[in-house]
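Just work-v5.cif here, mmCIF, C-alpha atoms, pLDDT in the B column; chains and numbers go by the auth columns:
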data_my_file
loop_
_atom_site.group_PDB
_atom_site.id
_atom_site.type_symbol
_atom_site.label_atom_id
_atom_site.label_comp_id
_atom_site.label_asym_id
_atom_site.label_seq_id
_atom_site.Cartn_x
_atom_site.Cartn_y
_atom_site.Cartn_z
_atom_site.B_iso_or_equiv
_atom_site.auth_seq_id
_atom_site.auth_asym_id
ATOM 1 C CA MET A 1 -10.837 -31.230 0.415 52.00 1 A
ATOM 2 C CA VAL A 2 -9.028 -27.896 0.142 56.00 2 A
ATOM 3 C CA ALA A 3 -11.303 -24.847 -0.216 61.00 3 A
ATOM 4 C CA ILE A 4 -10.285 -22.055 -2.617 61.00 4 A
ATOM 5 C CA ILE A 5 -11.451 -18.763 -1.094 58.00 5 A
ATOM 6 C CA PRO A 6 -11.387 -15.355 -2.864 61.00 6 A
ATOM 7 C CA ILE A 7 -9.519 -12.788 -0.733 64.00 7 A
ATOM 8 C CA ALA A 8 -11.591 -9.806 -1.893 62.00 8 A
ATOM 9 C CA GLU A 9 -14.858 -11.406 -0.778 62.00 9 A
ATOM 10 C CA ASN A 10 -13.775 -13.032 2.467 68.00 10 A
ATOM 11 C CA ILE A 11 -11.098 -10.854 4.105 74.00 11 A
ATOM 12 C CA THR A 12 -12.810 -7.603 5.083 76.00 12 A
ATOM 13 C CA THR A 13 -11.636 -6.842 8.654 87.00 13 A
ATOM 14 C CA LEU A 14 -8.368 -6.785 10.574 91.00 14 A
ATOM 15 C CA ALA A 15 -9.805 -9.355 12.990 91.00 15 A
ATOM 16 C CA GLN A 16 -10.341 -11.781 10.097 89.00 16 A
ATOM 17 C CA VAL A 17 -6.847 -11.428 8.651 89.00 17 A
ATOM 18 C CA GLU A 18 -5.294 -11.752 12.110 92.00 18 A
ATOM 19 C CA ASP A 19 -7.264 -14.912 12.808 90.00 19 A
ATOM 20 C CA LYS A 20 -6.741 -16.559 9.416 84.00 20 A
ATOM 21 C CA PHE A 21 -2.965 -16.008 9.292 86.00 21 A
ATOM 22 C CA ASN A 22 -2.011 -15.835 12.980 89.00 22 A
ATOM 23 C CA LEU A 23 -1.024 -12.170 12.623 93.00 23 A
ATOM 24 C CA THR A 24 -0.436 -9.765 15.495 95.00 24 A
ATOM 25 C CA GLN A 25 -0.064 -5.989 15.378 96.00 25 A
ATOM 26 C CA ALA A 26 3.331 -4.742 16.578 95.00 26 A
ATOM 27 C CA ASP A 27 3.134 -2.447 19.599 91.00 27 A
ATOM 28 C CA SER A 28 6.469 -0.665 19.111 93.00 28 A
ATOM 29 C CA ASP A 29 7.126 2.276 16.778 93.00 29 A
ATOM 30 C CA GLU A 30 10.548 0.783 16.077 94.00 30 A
ATOM 31 C CA PHE A 31 8.955 -2.087 14.146 95.00 31 A
ATOM 32 C CA PHE A 32 7.920 0.259 11.328 96.00 32 A
ATOM 33 C CA SER A 33 10.130 3.313 11.639 95.00 33 A
ATOM 34 C CA GLU A 34 10.665 3.487 7.868 92.00 34 A
ATOM 35 C CA TRP A 35 7.510 5.538 7.330 94.00 35 A
ATOM 36 C CA PHE A 36 8.566 8.427 9.598 92.00 36 A
ATOM 37 C CA GLU A 37 12.365 8.239 10.088 90.00 37 A
ATOM 38 C CA GLY A 38 14.633 10.336 7.907 83.00 38 A
ATOM 39 C CA SER A 39 13.495 13.020 5.498 76.00 39 A
ATOM 40 C CA PRO A 40 14.372 12.386 1.836 81.00 40 A
ATOM 41 C CA GLU A 41 14.436 15.658 -0.039 87.00 41 A
ATOM 42 C CA VAL A 42 11.467 16.675 -2.204 94.00 42 A
ATOM 43 C CA THR A 43 12.583 19.289 -4.698 96.00 43 A
ATOM 44 C CA ASP A 44 10.611 22.370 -5.680 96.00 44 A
ATOM 45 C CA GLN A 45 10.073 20.885 -9.136 97.00 45 A
ATOM 46 C CA GLU A 46 8.715 17.653 -7.612 97.00 46 A
ATOM 47 C CA LYS A 47 6.409 19.672 -5.361 97.00 47 A
ATOM 48 C CA GLU A 48 5.062 21.481 -8.434 97.00 48 A
ATOM 49 C CA THR A 49 4.369 18.102 -10.054 97.00 49 A
ATOM 50 C CA LEU A 50 2.611 16.804 -6.932 97.00 50 A
ATOM 51 C CA ASP A 51 0.569 20.007 -6.670 98.00 51 A
ATOM 52 C CA ARG A 52 -0.662 19.412 -10.233 97.00 52 A
ATOM 53 C CA VAL A 53 -1.494 15.795 -9.344 96.00 53 A
ATOM 54 C CA LYS A 54 -3.561 16.929 -6.368 96.00 54 A
ATOM 55 C CA THR A 55 -5.361 19.658 -8.347 96.00 55 A
ATOM 56 C CA ARG A 56 -6.104 17.296 -11.219 94.00 56 A
ATOM 57 C CA TYR A 57 -7.400 14.592 -8.883 93.00 57 A
ATOM 58 C CA HIS A 58 -9.825 16.936 -7.130 93.00 58 A
ATOM 59 C CA TYR A 59 -11.014 18.331 -10.461 94.00 59 A
ATOM 60 C CA HIS A 60 -12.081 14.871 -11.624 91.00 60 A
ATOM 61 C CA ARG A 61 -13.165 13.593 -8.199 88.00 61 A
ATOM 62 C CA LYS A 62 -15.714 16.418 -7.858 89.00 62 A
ATOM 63 C CA ARG A 63 -17.445 15.052 -10.936 86.00 63 A
ATOM 64 C CA GLY A 64 -17.971 11.592 -9.492 82.00 64 A
ATOM 65 C CA PRO A 65 -16.269 8.476 -8.132 80.00 65 A
ATOM 66 C CA LEU A 66 -13.067 7.376 -9.833 79.00 66 A
ATOM 67 C CA ALA A 67 -12.366 3.792 -10.848 79.00 67 A
ATOM 68 C CA GLU A 68 -9.103 2.066 -10.007 76.00 68 A
ATOM 69 C CA GLY A 69 -7.690 2.700 -13.468 78.00 69 A
ATOM 70 C CA ALA A 70 -8.197 6.443 -13.182 82.00 70 A
ATOM 71 C CA VAL A 71 -6.541 6.528 -9.736 83.00 71 A
ATOM 72 C CA ASN A 72 -3.626 4.537 -11.141 82.00 72 A
ATOM 73 C CA LEU A 73 -3.220 6.919 -14.062 85.00 73 A
ATOM 74 C CA MET A 74 -3.623 10.256 -12.296 90.00 74 A
ATOM 75 C CA VAL A 75 -2.137 9.663 -8.843 91.00 75 A
ATOM 76 C CA LEU A 76 -0.280 6.393 -8.397 89.00 76 A
ATOM 77 C CA SER A 77 1.788 6.380 -11.579 90.00 77 A
ATOM 78 C CA PRO A 78 3.353 9.844 -11.018 94.00 78 A
ATOM 79 C CA LEU A 79 4.187 8.913 -7.409 94.00 79 A
ATOM 80 C CA LEU A 80 5.872 5.633 -8.355 91.00 80 A
ATOM 81 C CA GLU A 81 7.823 7.373 -11.089 93.00 81 A
ATOM 82 C CA LEU A 82 9.084 10.135 -8.788 95.00 82 A
ATOM 83 C CA ALA A 83 9.995 7.547 -6.148 93.00 83 A
ATOM 84 C CA GLY A 84 12.097 5.615 -8.668 91.00 84 A
ATOM 85 C CA PHE A 85 10.069 2.396 -8.731 89.00 85 A
ATOM 86 C CA TYR A 86 9.986 2.328 -12.536 88.00 86 A
ATOM 87 C CA ASP A 87 13.783 2.127 -12.722 89.00 87 A
ATOM 88 C CA TYR A 88 16.569 -0.256 -11.705 86.00 88 A
ATOM 89 C CA PRO A 89 16.617 -2.255 -9.443 84.00 89 A
ATOM 90 C CA PHE A 90 12.807 -2.484 -9.414 85.00 90 A
ATOM 91 C CA THR A 91 10.492 -4.270 -11.818 80.00 91 A
ATOM 92 C CA ILE A 92 6.704 -4.133 -11.867 77.00 92 A
ATOM 93 C CA SER A 93 4.162 -6.866 -12.440 73.00 93 A
ATOM 94 C CA ALA A 94 0.571 -5.723 -12.932 68.00 94 A
ATOM 95 C CA GLU A 95 -2.246 -7.675 -11.272 59.00 95 A
ATOM 96 C CA PRO A 96 -0.468 -10.946 -10.495 59.00 96 A
ATOM 97 C CA THR A 97 -2.469 -13.730 -8.900 61.00 97 A
ATOM 98 C CA VAL A 98 -1.383 -14.512 -5.347 59.00 98 A
ATOM 99 C CA GLN A 99 -2.206 -17.560 -3.255 55.00 99 A
ATOM 100 C CA ILE A 100 -1.863 -18.040 0.512 54.00 100 A
ATOM 101 C CA SER A 101 -2.610 -21.060 2.666 53.00 101 A
ATOM 102 C CA ALA A 102 -4.222 -20.429 6.040 56.00 102 A
ATOM 103 C CA GLU A 103 -2.297 -21.969 8.915 50.00 103 A
ATOM 104 C CA ASP A 104 -3.612 -25.367 10.107 50.00 104 A
ATOM 105 C CA LYS A 105 -6.705 -25.069 7.885 57.00 105 A
ATOM 106 C CA GLN A 106 -7.725 -26.668 4.640 60.00 106 A
ATOM 107 C CA GLU A 107 -8.161 -23.303 2.960 63.00 107 A
ATOM 108 C CA ILE A 108 -6.299 -21.454 0.235 59.00 108 A
ATOM 109 C CA TYR A 109 -6.951 -17.736 -0.208 50.00 109 A
ATOM 110 C CA ARG A 110 -6.509 -16.457 -3.727 56.00 110 A
ATOM 111 C CA GLY A 111 -6.730 -12.997 -5.264 53.00 111 A
ATOM 112 C CA ARG A 112 -5.302 -10.460 -7.683 60.00 112 A
ATOM 113 C CA ILE A 113 -3.396 -7.414 -6.507 59.00 113 A
ATOM 114 C CA ASP A 114 -3.447 -4.189 -8.492 65.00 114 A
ATOM 115 C CA VAL A 115 0.254 -3.400 -8.641 63.00 115 A
ATOM 116 C CA LEU A 116 3.192 -5.394 -7.321 65.00 116 A
ATOM 117 C CA VAL A 117 6.582 -3.740 -7.259 64.00 117 A
ATOM 118 C CA LEU A 118 8.856 -6.711 -7.426 60.00 118 A
ATOM 119 C CA GLN A 119 11.796 -7.980 -5.509 67.00 119 A
ATOM 120 C CA GLU A 120 8.630 -9.342 -3.913 67.00 120 A
ATOM 121 C CA GLN A 121 8.751 -6.793 -1.127 82.00 121 A
ATOM 122 C CA PHE A 122 6.379 -3.954 -2.051 85.00 122 A
ATOM 123 C CA TRP A 123 2.674 -4.453 -2.687 82.00 123 A
ATOM 124 C CA VAL A 124 0.292 -1.703 -3.774 82.00 124 A
ATOM 125 C CA LEU A 125 -3.477 -2.094 -3.472 79.00 125 A
ATOM 126 C CA VAL A 126 -5.704 0.466 -5.213 75.00 126 A
ATOM 127 C CA VAL A 127 -9.440 0.633 -4.541 72.00 127 A
ATOM 128 C CA GLU A 128 -12.169 2.621 -6.236 61.00 128 A
ATOM 129 C CA SER A 129 -12.811 6.072 -4.813 59.00 129 A
ATOM 130 C CA LYS A 130 -16.488 5.677 -3.971 56.00 130 A
ATOM 131 C CA ARG A 131 -17.473 5.139 -0.315 50.00 131 A
ATOM 132 C CA THR A 132 -14.006 6.247 0.710 51.00 132 A
ATOM 133 C CA THR A 133 -13.738 5.182 4.358 55.00 133 A
ATOM 134 C CA PHE A 134 -15.463 1.848 3.757 51.00 134 A
ATOM 135 C CA ASN A 135 -13.112 0.937 0.952 68.00 135 A
ATOM 136 C CA MET A 136 -9.967 1.851 2.900 75.00 136 A
ATOM 137 C CA ASP A 137 -11.095 -0.165 5.912 81.00 137 A
ATOM 138 C CA ILE A 138 -11.468 -3.218 3.682 79.00 138 A
ATOM 139 C CA ALA A 139 -8.305 -2.549 1.664 82.00 139 A
ATOM 140 C CA ILE A 140 -5.979 -2.722 4.685 89.00 140 A
ATOM 141 C CA PRO A 141 -6.782 -6.321 5.744 88.00 141 A
ATOM 142 C CA GLN A 142 -6.861 -7.416 2.095 84.00 142 A
ATOM 143 C CA ALA A 143 -3.411 -5.906 1.513 86.00 143 A
ATOM 144 C CA LEU A 144 -2.090 -7.759 4.561 90.00 144 A
ATOM 145 C CA ALA A 145 -3.546 -10.995 3.200 84.00 145 A
ATOM 146 C CA TYR A 146 -1.793 -10.448 -0.135 82.00 146 A
ATOM 147 C CA MET A 147 1.457 -9.584 1.647 85.00 147 A
ATOM 148 C CA MET A 148 1.336 -12.941 3.441 84.00 148 A
ATOM 149 C CA ALA A 149 2.257 -14.427 0.048 78.00 149 A
ATOM 150 C CA HIS A 150 5.691 -12.807 0.467 77.00 150 A
ATOM 151 C CA PRO A 151 8.014 -15.825 0.064 72.00 151 A
ATOM 152 C CA ILE A 152 10.988 -14.707 2.184 73.00 152 A
ATOM 153 C CA GLN A 153 10.497 -15.331 5.894 74.00 153 A
ATOM 154 C CA ASN A 154 13.242 -13.081 7.263 81.00 154 A
ATOM 155 C CA LYS A 155 12.727 -10.027 5.058 86.00 155 A
ATOM 156 C CA PRO A 156 9.939 -7.493 5.617 91.00 156 A
ATOM 157 C CA ALA A 157 7.211 -6.878 3.065 91.00 157 A
ATOM 158 C CA TYR A 158 5.822 -3.377 2.618 93.00 158 A
ATOM 159 C CA GLY A 159 2.463 -2.265 1.312 92.00 159 A
ATOM 160 C CA MET A 160 0.510 0.833 0.389 91.00 160 A
ATOM 161 C CA VAL A 161 -3.257 1.141 0.103 90.00 161 A
ATOM 162 C CA THR A 162 -4.905 4.081 -1.592 88.00 162 A
ATOM 163 C CA ASN A 163 -8.137 5.183 -3.186 86.00 163 A
ATOM 164 C CA GLY A 164 -6.579 8.361 -4.538 87.00 164 A
ATOM 165 C CA SER A 165 -7.861 10.491 -1.660 90.00 165 A
ATOM 166 C CA TYR A 166 -6.230 8.614 1.217 92.00 166 A
ATOM 167 C CA PHE A 167 -2.972 6.695 1.598 94.00 167 A
ATOM 168 C CA MET A 168 -1.661 4.330 4.257 95.00 168 A
ATOM 169 C CA PHE A 169 1.500 2.241 4.464 96.00 169 A
ATOM 170 C CA LEU A 170 1.940 -1.230 5.957 95.00 170 A
ATOM 171 C CA LYS A 171 4.842 -3.396 7.024 96.00 171 A
ATOM 172 C CA LEU A 172 4.702 -7.148 7.593 95.00 172 A
ATOM 173 C CA LEU A 173 7.371 -9.554 8.814 93.00 173 A
ATOM 174 C CA LYS A 174 6.410 -13.213 8.596 88.00 174 A
ATOM 175 C CA GLY A 175 9.035 -15.094 10.604 81.00 175 A
ATOM 176 C CA ASP A 176 7.844 -17.580 13.207 82.00 176 A
ATOM 177 C CA SER A 177 5.246 -15.178 14.614 88.00 177 A
ATOM 178 C CA PRO A 178 3.968 -12.867 11.844 91.00 178 A
ATOM 179 C CA GLN A 179 3.644 -9.208 12.824 95.00 179 A
ATOM 180 C CA TYR A 180 2.409 -6.105 11.044 96.00 180 A
ATOM 181 C CA ALA A 181 2.172 -2.365 11.616 97.00 181 A
ATOM 182 C CA LEU A 182 0.390 0.564 9.976 96.00 182 A
ATOM 183 C CA SER A 183 1.486 4.124 9.321 96.00 183 A
ATOM 184 C CA ASP A 184 -0.593 7.210 9.924 95.00 184 A
ATOM 185 C CA ASP A 185 -2.924 8.048 7.058 94.00 185 A
ATOM 186 C CA PHE A 186 -2.233 10.763 4.496 96.00 186 A
ATOM 187 C CA SER A 187 -5.077 12.672 2.877 94.00 187 A
ATOM 188 C CA LEU A 188 -5.548 14.887 -0.165 94.00 188 A
ATOM 189 C CA TYR A 189 -8.379 16.655 1.679 93.00 189 A
ATOM 190 C CA ARG A 190 -6.039 18.411 4.100 93.00 190 A
ATOM 191 C CA ARG A 191 -4.856 21.933 3.375 93.00 191 A
ATOM 192 C CA ARG A 192 -1.193 20.975 3.020 94.00 192 A
ATOM 193 C CA ASN A 193 -0.323 18.708 0.090 97.00 193 A
ATOM 194 C CA GLU A 194 0.428 15.423 1.866 97.00 194 A
ATOM 195 C CA LEU A 195 1.570 13.838 -1.385 97.00 195 A
ATOM 196 C CA TYR A 196 4.953 15.302 -0.391 97.00 196 A
ATOM 197 C CA ASP A 197 4.909 12.997 2.643 96.00 197 A
ATOM 198 C CA VAL A 198 3.692 10.030 0.601 96.00 198 A
ATOM 199 C CA LEU A 199 6.634 10.490 -1.775 97.00 199 A
ATOM 200 C CA ARG A 200 9.073 10.657 1.146 96.00 200 A
ATOM 201 C CA VAL A 201 7.721 7.393 2.589 96.00 201 A
ATOM 202 C CA LEU A 202 7.890 5.693 -0.813 95.00 202 A
ATOM 203 C CA ARG A 203 11.534 6.715 -1.115 94.00 203 A
ATOM 204 C CA ARG A 204 12.356 5.426 2.359 94.00 204 A
ATOM 205 C CA ILE A 205 10.724 2.094 1.575 93.00 205 A
ATOM 206 C CA GLY A 206 12.499 1.899 -1.779 91.00 206 A
ATOM 207 C CA ARG A 207 15.816 2.540 -0.052 90.00 207 A
ATOM 208 C CA ALA A 208 15.079 -0.123 2.596 89.00 208 A
ATOM 209 C CA ILE A 209 14.225 -2.693 -0.086 87.00 209 A
ATOM 210 C CA ALA A 210 17.258 -1.878 -2.233 82.00 210 A
ATOM 211 C CA HIS A 211 19.599 -2.251 0.735 78.00 211 A
ATOM 212 C CA SER A 212 18.019 -5.417 2.123 72.00 212 A
#
Show this structure as structure tokens.
Amino acid sequence: MVAIIPIAENITTLAQVEDKFNLTQADSDEFFSEWFEGSPEVTDQEKETLDRVKTRYHYHRKRGPLAEGAVNLMVLSPLLELAGFYDYPFTISAEPTVQISAEDKQEIYRGRIDVLVLQEQFWVLVVESKRTTFNMDIAIPQALAYMMAHPIQNKPAYGMVTNGSYFMFLKLLKGDSPQYALSDDFSLYRRRNELYDVLRVLRRIGRAIAHS
């Protein structure tokens, strides 16, 4: 009998997602150079917009934890708009159900992802802002599990996890031996506004997807 297993409740560590889906972490920077190679321009006007996003986020965050919807509205939506993900050739599906079968096991992992930027290559996972580090540590393996539902074996899937305060990017290539890699983290608690860097990475990923 096949077991249906919720991703959010059962994939909480990198060791678990590696074991369940036969994943290995790439050991070469060249595997995921998209997050740091090249420097797409961020205009002064865009920087002003991102400065307002950062200021607004901290204003509300000081008053308590923010739910996923608030993070989506205040932080994620402006970033995706500036990066061009709301326009051709991209389409967005909100909270689709994904399903992945574990290799050689009678298990199916099922869950709902917060935002999926289609062409089926970019997955965005947003978590609530309370217990920041804990949530990000869980979000990364869950995002990788969702990305394993990517249907095209020879094309990379990209992901981003965020709780509004912190951002990290992921790349996964299924193939015969699935591999993944993580970017550095970006934080709104650092003096410099690292949303500039987040926007640059989003643009690089968008360009990679559009040209693939």
**Request:** Identify, on the basis of all atoms listed in the file, every residue whose closest approach to Ser177 in chain A does not exceed 9 Å; exclude the query and any residue fewer than 4 positions from it along the same chain; express the result as a PyMOL selection string.
**Result:** chain A and resi 22-24+173
**Two-atom distance - CA of Pro178 in chain A, CA of Ala15 in chain A (Å)** = 14.3 Å
**Prompt:** What is the CA of Asp87 in chain A-CA of Arg192 in chain A distance in Å, reported with one decimal?
**Reply:**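 Straight-line distance from CA of Asp87 in chain A to CA of Arg192 in chain A works out to 28.8 Å.
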**Å distance separating CA of Asp51 in chain A from CA of Ala83 in chain A, one decimal place** = 15.6 Å
**Request:** Kindly indicate which residue among A:His211, A:Arg191, A:Arg203, A:His58 lies nearest to Phe36 in chain A, using all atoms listed in the file for the distances.
**Result:** A:Arg203
Once N, CA, C and O atoms are restored for range 167-190 of chain A, what would the output be as a PDB file, in the coordinates of the input?
ATOM      1  N   PHE A 167      -4.092   7.614   1.738  1.00 94.00           N
ATOM      2  CA  PHE A 167      -2.972   6.695   1.598  1.00 94.00           C
ATOM      3  C   PHE A 167      -2.592   6.163   2.979  1.00 94.00           C
ATOM      4  O   PHE A 167      -2.623   6.903   3.968  1.00 94.00           O
ATOM      5  N   MET A 168      -2.203   4.897   3.033  1.00 95.00           N
ATOM      6  CA  MET A 168      -1.661   4.330   4.257  1.00 95.00           C
ATOM      7  C   MET A 168      -0.630   3.274   3.886  1.00 95.00           C
ATOM      8  O   MET A 168      -0.779   2.567   2.892  1.00 95.00           O
ATOM      9  N   PHE A 169       0.425   3.190   4.702  1.00 96.00           N
ATOM     10  CA  PHE A 169       1.500   2.241   4.464  1.00 96.00           C
ATOM     11  C   PHE A 169       1.460   1.130   5.504  1.00 96.00           C
ATOM     12  O   PHE A 169       1.026   1.332   6.641  1.00 96.00           O
ATOM     13  N   LEU A 170       1.954  -0.057   5.105  1.00 95.00           N
ATOM     14  CA  LEU A 170       1.940  -1.230   5.957  1.00 95.00           C
ATOM     15  C   LEU A 170       3.308  -1.907   5.910  1.00 95.00           C
ATOM     16  O   LEU A 170       4.016  -1.840   4.900  1.00 95.00           O
ATOM     17  N   LYS A 171       3.641  -2.561   6.987  1.00 96.00           N
ATOM     18  CA  LYS A 171       4.842  -3.396   7.024  1.00 96.00           C
ATOM     19  C   LYS A 171       4.469  -4.725   7.648  1.00 96.00           C
ATOM     20  O   LYS A 171       3.740  -4.779   8.644  1.00 96.00           O
ATOM     21  N   LEU A 172       4.976  -5.810   7.083  1.00 95.00           N
ATOM     22  CA  LEU A 172       4.702  -7.148   7.593  1.00 95.00           C
ATOM     23  C   LEU A 172       5.993  -7.953   7.609  1.00 95.00           C
ATOM     24  O   LEU A 172       6.772  -7.909   6.657  1.00 95.00           O
ATOM     25  N   LEU A 173       6.233  -8.651   8.706  1.00 93.00           N
ATOM     26  CA  LEU A 173       7.371  -9.554   8.814  1.00 93.00           C
ATOM     27  C   LEU A 173       6.828 -10.917   9.213  1.00 93.00           C
ATOM     28  O   LEU A 173       6.226 -11.060  10.284  1.00 93.00           O
ATOM     29  N   LYS A 174       7.021 -11.901   8.350  1.00 88.00           N
ATOM     30  CA  LYS A 174       6.410 -13.213   8.596  1.00 88.00           C
ATOM     31  C   LYS A 174       7.104 -13.933   9.745  1.00 88.00           C
ATOM     32  O   LYS A 174       6.554 -14.059  10.830  1.00 88.00           O
ATOM     33  N   GLY A 175       8.310 -14.414   9.540  1.00 81.00           N
ATOM     34  CA  GLY A 175       9.035 -15.094  10.604  1.00 81.00           C
ATOM     35  C   GLY A 175       8.216 -16.203  11.244  1.00 81.00           C
ATOM     36  O   GLY A 175       7.292 -16.753  10.650  1.00 81.00           O
ATOM     37  N   ASP A 176       8.567 -16.537  12.489  1.00 82.00           N
ATOM     38  CA  ASP A 176       7.844 -17.580  13.207  1.00 82.00           C
ATOM     39  C   ASP A 176       6.510 -17.075  13.751  1.00 82.00           C
ATOM     40  O   ASP A 176       5.547 -17.833  13.866  1.00 82.00           O
ATOM     41  N   SER A 177       6.471 -15.805  14.097  1.00 88.00           N
ATOM     42  CA  SER A 177       5.246 -15.178  14.614  1.00 88.00           C
ATOM     43  C   SER A 177       4.979 -13.917  13.803  1.00 88.00           C
ATOM     44  O   SER A 177       5.522 -12.846  14.103  1.00 88.00           O
ATOM     45  N   PRO A 178       4.173 -14.006  12.743  1.00 91.00           N
ATOM     46  CA  PRO A 178       3.968 -12.867  11.844  1.00 91.00           C
ATOM     47  C   PRO A 178       3.447 -11.630  12.574  1.00 91.00           C
ATOM     48  O   PRO A 178       2.539 -11.716  13.399  1.00 91.00           O
ATOM     49  N   GLN A 179       4.051 -10.482  12.247  1.00 95.00           N
ATOM     50  CA  GLN A 179       3.644  -9.208  12.824  1.00 95.00           C
ATOM     51  C   GLN A 179       3.456  -8.183  11.713  1.00 95.00           C
ATOM     52  O   GLN A 179       4.081  -8.267  10.653  1.00 95.00           O
ATOM     53  N   TYR A 180       2.611  -7.191  11.992  1.00 96.00           N
ATOM     54  CA  TYR A 180       2.409  -6.105  11.044  1.00 96.00           C
ATOM     55  C   TYR A 180       2.252  -4.794  11.791  1.00 96.00           C
ATOM     56  O   TYR A 180       2.009  -4.761  13.008  1.00 96.00           O
ATOM     57  N   ALA A 181       2.406  -3.700  11.057  1.00 97.00           N
ATOM     58  CA  ALA A 181       2.172  -2.365  11.616  1.00 97.00           C
ATOM     59  C   ALA A 181       1.665  -1.457  10.511  1.00 97.00           C
ATOM     60  O   ALA A 181       1.896  -1.701   9.320  1.00 97.00           O
ATOM     61  N   LEU A 182       0.971  -0.403  10.902  1.00 96.00           N
ATOM     62  CA  LEU A 182       0.390   0.564   9.976  1.00 96.00           C
ATOM     63  C   LEU A 182       0.974   1.944  10.229  1.00 96.00           C
ATOM     64  O   LEU A 182       1.293   2.296  11.368  1.00 96.00           O
ATOM     65  N   SER A 183       1.082   2.728   9.175  1.00 96.00           N
ATOM     66  CA  SER A 183       1.486   4.124   9.321  1.00 96.00           C
ATOM     67  C   SER A 183       0.279   4.982   9.661  1.00 96.00           C
ATOM     68  O   SER A 183      -0.856   4.496   9.696  1.00 96.00           O
ATOM     69  N   ASP A 184       0.511   6.254   9.914  1.00 95.00           N
ATOM     70  CA  ASP A 184      -0.593   7.210   9.924  1.00 95.00           C
ATOM     71  C   ASP A 184      -1.179   7.281   8.512  1.00 95.00           C
ATOM     72  O   ASP A 184      -0.556   6.821   7.548  1.00 95.00           O
ATOM     73  N   ASP A 185      -2.350   7.869   8.391  1.00 94.00           N
ATOM     74  CA  ASP A 185      -2.924   8.048   7.058  1.00 94.00           C
ATOM     75  C   ASP A 185      -2.548   9.414   6.509  1.00 94.00           C
ATOM     76  O   ASP A 185      -2.289  10.354   7.253  1.00 94.00           O
ATOM     77  N   PHE A 186      -2.498   9.510   5.199  1.00 96.00           N
ATOM     78  CA  PHE A 186      -2.233  10.763   4.496  1.00 96.00           C
ATOM     79  C   PHE A 186      -3.435  11.057   3.609  1.00 96.00           C
ATOM     80  O   PHE A 186      -3.989  10.153   2.990  1.00 96.00           O
ATOM     81  N   SER A 187      -3.833  12.316   3.551  1.00 94.00           N
ATOM     82  CA  SER A 187      -5.077  12.672   2.877  1.00 94.00           C
ATOM     83  C   SER A 187      -4.882  13.837   1.920  1.00 94.00           C
ATOM     84  O   SER A 187      -4.164  14.798   2.231  1.00 94.00           O
ATOM     85  N   LEU A 188      -5.547  13.763   0.771  1.00 94.00           N
ATOM     86  CA  LEU A 188      -5.548  14.887  -0.165  1.00 94.00           C
ATOM     87  C   LEU A 188      -6.616  15.914   0.182  1.00 94.00           C
ATOM     88  O   LEU A 188      -6.771  16.905  -0.533  1.00 94.00           O
ATOM     89  N   TYR A 189      -7.362  15.692   1.267  1.00 93.00           N
ATOM     90  CA  TYR A 189      -8.379  16.655   1.679  1.00 93.00           C
ATOM     91  C   TYR A 189      -7.864  17.618   2.740  1.00 93.00           C
ATOM     92  O   TYR A 189      -8.607  18.482   3.194  1.00 93.00           O
ATOM     93  N   ARG A 190      -6.619  17.469   3.154  1.00 93.00           N
ATOM     94  CA  ARG A 190      -6.039  18.411   4.100  1.00 93.00           C
ATOM     95  C   ARG A 190      -5.442  19.580   3.338  1.00 93.00           C
ATOM     96  O   ARG A 190      -5.096  19.472   2.164  1.00 93.00           O
TER      97      ARG A 190
END
